[in-house]
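my_file03.cif follows (mmCIF, C-alpha atoms):
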data_work
#
loop_
_atom_site.group_PDB
_atom_site.id
_atom_site.type_symbol
_atom_site.label_atom_id
_atom_site.label_comp_id
_atom_site.auth_asym_id
_atom_site.auth_seq_id
_atom_site.Cartn_x
_atom_site.Cartn_y
_atom_site.Cartn_z
ATOM 1 C CA MET A 4 -42.673 -1.120 25.129
ATOM 2 C CA GLU A 5 -45.224 -0.910 22.330
ATOM 3 C CA ARG A 6 -48.427 1.084 22.715
ATOM 4 C CA LEU A 7 -51.745 -0.291 21.493
ATOM 5 C CA GLY A 8 -54.880 1.688 22.219
ATOM 6 C CA GLY A 9 -53.163 3.499 25.089
ATOM 7 C CA ALA A 10 -51.943 0.260 26.709
ATOM 8 C CA LEU A 11 -48.299 -0.776 26.966
ATOM 9 C CA LEU A 12 -47.465 -4.187 25.549
ATOM 10 C CA PRO A 13 -44.372 -6.302 26.328
ATOM 11 C CA PRO A 14 -41.491 -6.157 23.813
ATOM 12 C CA ARG A 15 -41.781 -8.587 20.926
ATOM 13 C CA ASP A 16 -38.193 -9.800 21.286
ATOM 14 C CA ASN A 17 -34.771 -9.085 22.810
ATOM 15 C CA VAL A 18 -31.628 -7.634 21.270
ATOM 16 C CA SER A 19 -28.224 -8.198 22.869
ATOM 17 C CA ILE A 20 -25.388 -5.751 22.227
ATOM 18 C CA ALA A 21 -21.801 -5.992 23.463
ATOM 19 C CA ILE A 22 -20.034 -2.691 24.096
ATOM 20 C CA VAL A 23 -16.272 -3.257 24.011
ATOM 21 C CA GLY A 24 -14.541 -0.251 25.509
ATOM 22 C CA LYS A 25 -11.752 1.166 27.607
ATOM 23 C CA TYR A 26 -13.888 2.755 30.302
ATOM 24 C CA VAL A 27 -16.653 0.194 30.818
ATOM 25 C CA GLU A 28 -16.194 0.202 34.587
ATOM 26 C CA TYR A 29 -17.665 3.711 34.419
ATOM 27 C CA GLU A 30 -20.854 3.145 32.448
ATOM 28 C CA ASP A 31 -21.646 6.864 32.493
ATOM 29 C CA SER A 32 -18.701 7.331 30.123
ATOM 30 C CA TYR A 33 -20.907 5.824 27.426
ATOM 31 C CA LYS A 34 -24.273 7.037 28.666
ATOM 32 C CA SER A 35 -25.238 8.712 25.387
ATOM 33 C CA LEU A 36 -24.528 5.477 23.493
ATOM 34 C CA LYS A 37 -26.597 3.442 25.938
ATOM 35 C CA GLU A 38 -29.480 5.902 25.564
ATOM 36 C CA ALA A 39 -29.232 5.806 21.766
ATOM 37 C CA LEU A 40 -29.298 2.002 21.772
ATOM 38 C CA THR A 41 -32.261 2.017 24.152
ATOM 39 C CA HIS A 42 -34.246 4.382 21.933
ATOM 40 C CA GLY A 43 -33.380 2.333 18.866
ATOM 41 C CA ALA A 44 -34.527 -0.867 20.541
ATOM 42 C CA VAL A 45 -37.774 0.684 21.784
ATOM 43 C CA SER A 46 -38.582 1.987 18.310
ATOM 44 C CA GLN A 47 -38.356 -1.612 17.060
ATOM 45 C CA HIS A 48 -40.374 -2.966 20.015
ATOM 46 C CA LEU A 49 -37.354 -4.777 21.427
ATOM 47 C CA LYS A 50 -35.909 -5.134 24.909
ATOM 48 C CA LEU A 51 -32.266 -4.069 24.972
ATOM 49 C CA ASN A 52 -29.666 -6.148 26.791
ATOM 50 C CA VAL A 53 -26.249 -4.484 26.992
ATOM 51 C CA THR A 54 -23.120 -6.319 28.110
ATOM 52 C CA TRP A 55 -20.089 -4.204 28.987
ATOM 53 C CA ILE A 56 -16.803 -5.863 27.973
ATOM 54 C CA GLU A 57 -13.405 -4.509 29.022
ATOM 55 C CA ALA A 58 -11.238 -4.290 25.900
ATOM 56 C CA GLU A 59 -8.066 -5.325 27.729
ATOM 57 C CA GLY A 60 -9.793 -8.561 28.728
ATOM 58 C CA LEU A 61 -9.996 -9.562 25.054
ATOM 59 C CA GLU A 62 -6.265 -9.346 24.371
ATOM 60 C CA SER A 63 -4.504 -12.503 23.207
ATOM 61 C CA LYS A 64 -1.689 -13.965 25.298
ATOM 62 C CA THR A 65 -0.060 -15.547 22.225
ATOM 63 C CA PRO A 66 -0.494 -14.961 18.469
ATOM 64 C CA ASP A 67 -2.675 -18.085 18.205
ATOM 65 C CA ASP A 68 -4.722 -17.419 21.355
ATOM 66 C CA ARG A 69 -8.375 -16.894 20.433
ATOM 67 C CA SER A 70 -9.864 -17.735 23.813
ATOM 68 C CA TYR A 71 -11.347 -14.230 23.870
ATOM 69 C CA GLU A 72 -14.007 -15.418 21.415
ATOM 70 C CA ALA A 73 -15.949 -17.049 24.241
ATOM 71 C CA GLN A 74 -16.700 -13.576 25.637
ATOM 72 C CA LEU A 75 -18.184 -12.433 22.329
ATOM 73 C CA GLU A 76 -20.512 -15.313 21.521
ATOM 74 C CA GLY A 77 -24.253 -14.878 21.287
ATOM 75 C CA PHE A 78 -24.513 -11.135 20.683
ATOM 76 C CA ASP A 79 -26.686 -9.575 17.987
ATOM 77 C CA GLY A 80 -24.176 -6.758 17.543
ATOM 78 C CA ILE A 81 -20.838 -5.440 18.782
ATOM 79 C CA LEU A 82 -20.078 -1.758 19.347
ATOM 80 C CA VAL A 83 -16.658 -0.215 19.972
ATOM 81 C CA PRO A 84 -16.981 3.420 21.116
ATOM 82 C CA GLY A 85 -14.498 6.278 21.260
ATOM 83 C CA GLY A 86 -11.456 6.667 23.458
ATOM 84 C CA PHE A 87 -7.869 7.844 23.545
ATOM 85 C CA GLY A 88 -4.511 6.137 23.939
ATOM 86 C CA LYS A 89 -3.319 2.637 23.105
ATOM 87 C CA ARG A 90 -4.571 0.771 26.190
ATOM 88 C CA GLY A 91 -6.974 -1.982 25.130
ATOM 89 C CA ILE A 92 -6.456 -1.486 21.396
ATOM 90 C CA GLU A 93 -5.405 -5.096 20.739
ATOM 91 C CA GLY A 94 -8.535 -6.323 22.508
ATOM 92 C CA MET A 95 -10.697 -4.063 20.351
ATOM 93 C CA LEU A 96 -8.979 -5.431 17.255
ATOM 94 C CA ASN A 97 -9.806 -8.966 18.382
ATOM 95 C CA ALA A 98 -13.470 -8.029 18.893
ATOM 96 C CA ILE A 99 -13.597 -6.445 15.443
ATOM 97 C CA ARG A 100 -11.951 -9.465 13.824
ATOM 98 C CA TYR A 101 -14.478 -11.723 15.516
ATOM 99 C CA ALA A 102 -17.377 -9.579 14.265
ATOM 100 C CA ARG A 103 -16.033 -9.553 10.702
ATOM 101 C CA GLU A 104 -15.281 -13.259 10.523
ATOM 102 C CA LYS A 105 -18.486 -14.352 12.248
ATOM 103 C CA GLN A 106 -20.552 -11.761 10.346
ATOM 104 C CA VAL A 107 -21.860 -10.137 13.509
ATOM 105 C CA PRO A 108 -23.108 -6.573 12.887
ATOM 106 C CA TYR A 109 -20.425 -4.129 14.025
ATOM 107 C CA PHE A 110 -20.563 -0.407 14.748
ATOM 108 C CA GLY A 111 -17.367 1.556 15.369
ATOM 109 C CA ILE A 112 -17.572 5.118 16.646
ATOM 110 C CA CYS A 113 -14.500 7.358 16.447
ATOM 111 C CA LEU A 114 -11.772 5.092 17.888
ATOM 112 C CA GLY A 115 -13.983 2.135 16.979
ATOM 113 C CA MET A 116 -13.883 3.184 13.327
ATOM 114 C CA GLN A 117 -10.109 3.682 13.428
ATOM 115 C CA THR A 118 -9.561 0.232 14.909
ATOM 116 C CA ALA A 119 -11.878 -1.305 12.301
ATOM 117 C CA CYS A 120 -9.632 0.149 9.581
ATOM 118 C CA ILE A 121 -6.533 -1.165 11.330
ATOM 119 C CA GLU A 122 -8.018 -4.651 11.741
ATOM 120 C CA PHE A 123 -8.972 -4.809 8.058
ATOM 121 C CA ALA A 124 -5.553 -3.586 6.974
ATOM 122 C CA ARG A 125 -3.809 -6.213 9.102
ATOM 123 C CA ASN A 126 -5.961 -9.266 8.586
ATOM 124 C CA VAL A 127 -7.439 -8.739 5.122
ATOM 125 C CA CYS A 128 -4.891 -6.568 3.311
ATOM 126 C CA GLY A 129 -1.908 -8.348 4.856
ATOM 127 C CA LEU A 130 -0.264 -5.256 6.362
ATOM 128 C CA LYS A 131 0.740 -7.001 9.569
ATOM 129 C CA ASP A 132 2.071 -3.929 11.343
ATOM 130 C CA ALA A 133 -0.708 -1.554 10.197
ATOM 131 C CA ASN A 134 -1.467 0.944 12.924
ATOM 132 C CA SER A 135 -2.291 4.503 13.851
ATOM 133 C CA SER A 136 0.498 6.997 14.383
ATOM 134 C CA GLU A 137 -1.111 7.638 17.786
ATOM 135 C CA PHE A 138 -0.355 4.072 18.881
ATOM 136 C CA ASP A 139 2.823 3.273 16.933
ATOM 137 C CA PRO A 140 4.500 6.172 15.145
ATOM 138 C CA ALA A 141 7.263 3.801 13.955
ATOM 139 C CA SER A 142 4.861 1.570 11.982
ATOM 140 C CA GLN A 143 5.701 1.326 8.269
ATOM 141 C CA HIS A 144 1.976 1.123 7.512
ATOM 142 C CA ARG A 145 0.383 4.006 9.360
ATOM 143 C CA ILE A 146 -3.159 4.173 8.031
ATOM 144 C CA ILE A 147 -4.450 6.640 10.651
ATOM 145 C CA TYR A 148 -2.625 9.915 11.238
ATOM 146 C CA LYS A 149 -2.931 12.637 13.824
ATOM 147 C CA LEU A 150 -4.385 15.788 12.351
ATOM 148 C CA ARG A 151 -1.263 17.811 13.139
ATOM 149 C CA GLU A 152 0.773 15.368 11.008
ATOM 150 C CA LEU A 153 -1.469 15.897 7.993
ATOM 151 C CA LEU A 154 -1.415 19.670 8.371
ATOM 152 C CA GLY A 155 2.277 19.890 9.185
ATOM 153 C CA VAL A 156 1.548 21.806 12.379
ATOM 154 C CA GLU A 157 3.507 21.018 15.536
ATOM 155 C CA GLU A 158 1.155 22.503 18.113
ATOM 156 C CA MET A 159 -2.597 22.590 17.660
ATOM 157 C CA GLY A 160 -3.851 22.524 21.217
ATOM 158 C CA GLY A 161 -5.618 19.211 20.582
ATOM 159 C CA THR A 162 -6.010 16.329 18.145
ATOM 160 C CA MET A 163 -9.717 16.573 17.324
ATOM 161 C CA ARG A 164 -11.019 18.588 14.368
ATOM 162 C CA LEU A 165 -14.178 20.617 14.899
ATOM 163 C CA GLY A 166 -16.061 22.812 12.457
ATOM 164 C CA ALA A 167 -16.037 23.233 8.689
ATOM 165 C CA TRP A 168 -13.361 21.544 6.594
ATOM 166 C CA THR A 169 -12.749 21.531 2.866
ATOM 167 C CA CYS A 170 -12.978 17.879 1.809
ATOM 168 C CA ILE A 171 -12.180 16.872 -1.771
ATOM 169 C CA LEU A 172 -13.570 13.478 -2.735
ATOM 170 C CA GLN A 173 -12.519 11.535 -5.811
ATOM 171 C CA GLU A 174 -15.327 11.574 -8.330
ATOM 172 C CA ASP A 175 -17.260 8.278 -8.604
ATOM 173 C CA SER A 176 -15.537 6.931 -5.455
ATOM 174 C CA LEU A 177 -17.496 5.084 -2.777
ATOM 175 C CA ALA A 178 -16.942 8.035 -0.411
ATOM 176 C CA ALA A 179 -18.437 10.468 -2.946
ATOM 177 C CA LYS A 180 -21.460 8.229 -3.514
ATOM 178 C CA ALA A 181 -22.002 7.781 0.239
ATOM 179 C CA TYR A 182 -21.782 11.537 0.795
ATOM 180 C CA ALA A 183 -24.282 12.208 -1.999
ATOM 181 C CA GLU A 184 -26.665 9.620 -0.531
ATOM 182 C CA ARG A 185 -26.364 11.200 2.905
ATOM 183 C CA ARG A 186 -27.235 14.624 1.469
ATOM 184 C CA ARG A 187 -30.311 13.185 -0.256
ATOM 185 C CA SER A 188 -31.431 11.469 2.955
ATOM 186 C CA ALA A 189 -30.919 14.617 5.010
ATOM 187 C CA SER A 190 -32.841 16.726 2.514
ATOM 188 C CA GLY A 191 -35.651 14.189 2.432
ATOM 189 C CA THR A 192 -36.175 14.428 6.177
ATOM 190 C CA GLY A 193 -36.008 18.206 6.287
ATOM 191 C CA ILE A 194 -32.641 18.242 8.065
ATOM 192 C CA GLY A 195 -30.348 20.993 6.832
ATOM 193 C CA MET A 196 -26.765 20.015 6.031
ATOM 194 C CA SER A 197 -23.993 22.372 5.066
ATOM 195 C CA SER A 198 -20.559 21.366 3.835
ATOM 196 C CA THR A 199 -17.714 22.592 1.696
ATOM 197 C CA ALA A 200 -17.109 19.082 0.353
ATOM 198 C CA SER A 201 -16.720 18.810 -3.402
ATOM 199 C CA THR A 202 -15.524 16.264 -5.927
ATOM 200 C CA ARG A 203 -12.728 16.258 -8.461
ATOM 201 C CA ARG A 204 -11.042 13.819 -10.813
ATOM 202 C CA SER A 205 -7.648 12.439 -9.812
#
Give the structure from this file in structure tokens form.
Amino acid sequence: MERLGGALLPPRDNVSIAIVGKYVEYEDSYKSLKEALTHGAVSQHLKLNVTWIEAEGLESKTPDDRSYEAQLEGFDGILVPGGFGKRGIEGMLNAIRYAREKQVPYFGICLGMQTACIEFARNVCGLKDANSSEFDPASQHRIIYKLRELLGVEEMGGTMRLGAWTCILQEDSLAAKAYAERRRSASGTGIGMSSTASTRRS
């Protein structure tokens, strides 16, 4: 709610967000995301309405089946959060395709970003079997790899990378420009940011 002279005023409008995930029956699994969305809505004087959608419920029964679209209509944004394993992936891909084609704002976090890359590779780039090695190691178009595959290490004790990492970005690439912009934004708000990332020509 908005404050005016110490009084609380009703929100100016509503915002409806669909969270398409694997663990939506346990809302606490995504509690931090719900809190972040709530704070974002409050800062814009909006009332947040969240709808939890089970990813498996969006899977198509046939290649031409797009009946899942009815579950995604009317939202101001769609969010696909993190997760592990291949259960529900095809449903997430359908939600992402819907958001892209209908121009609904989409936010993919961790697994949600991976699936966004897979959806784009399949439906825009024409790589029909594009996938992650986590879901289909036999795919000819693996666009997401497990960290151990990139490092050539058999046993790592996990698949998530934490801590500093030397990242070499191609000079003048979109990634390099985005990184530079992020550094400027962080510096402008007084937030320290340390990285070993650098650029080089290739």
- Task: Write out as a ChimeraX atom specification each polymer residue whose atoms come within 10 Å of segment 85-94 of chain A, counting all atoms listed in the file; drop sequence neighbours fewer than 3 positions from it.
- Result: /A:23-26,32-33,56-63,71,82,97-100,111-118,122,135,137-139
- Message: Using only C-alpha atoms for the distances, tell me which of A:Ala183, A:Ala73, A:Gln106, A:His144 is nearest to Gly129 of chain A.
- Response: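 Between A:Ala183, A:Ala73, A:Gln106, A:His144, the residue approaching Gly129 of chain A most closely is A:His144.
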- Task: Report the residues retrieved by the PyMOL selection byres ((chain A and resi 136) around 10) from the displayed file, expressed as a PyMOL selection string.
- Result: chain A and resi 133-135+137-149+152
- Task: Decode the PyMOL selection byres ((chain A and resi 19) around 9) for the given file into explicit residues and return them as an MDAnalysis selection string.
- Result: chainID A and resid 17:18 20:21 50:54 77:81
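In terms of minimum interatomic distance to Pro108 of chain A, A:Val83 ranks closest within A:Leu12, A:Leu49, A:Ala178, A:Val83, counting all atoms listed in the file.
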With 4 Å on each side, where is the centre of the axis-aligned box around all listed atoms of segment 18-34 of chain A, and how long are its edges in Å to one decimal, as AutoDock Vina command-line options?
--center_x -21.7 --center_y -0.4 --center_z 27.9 --size_x 27.9 --size_y 23.5 --size_z 21.3
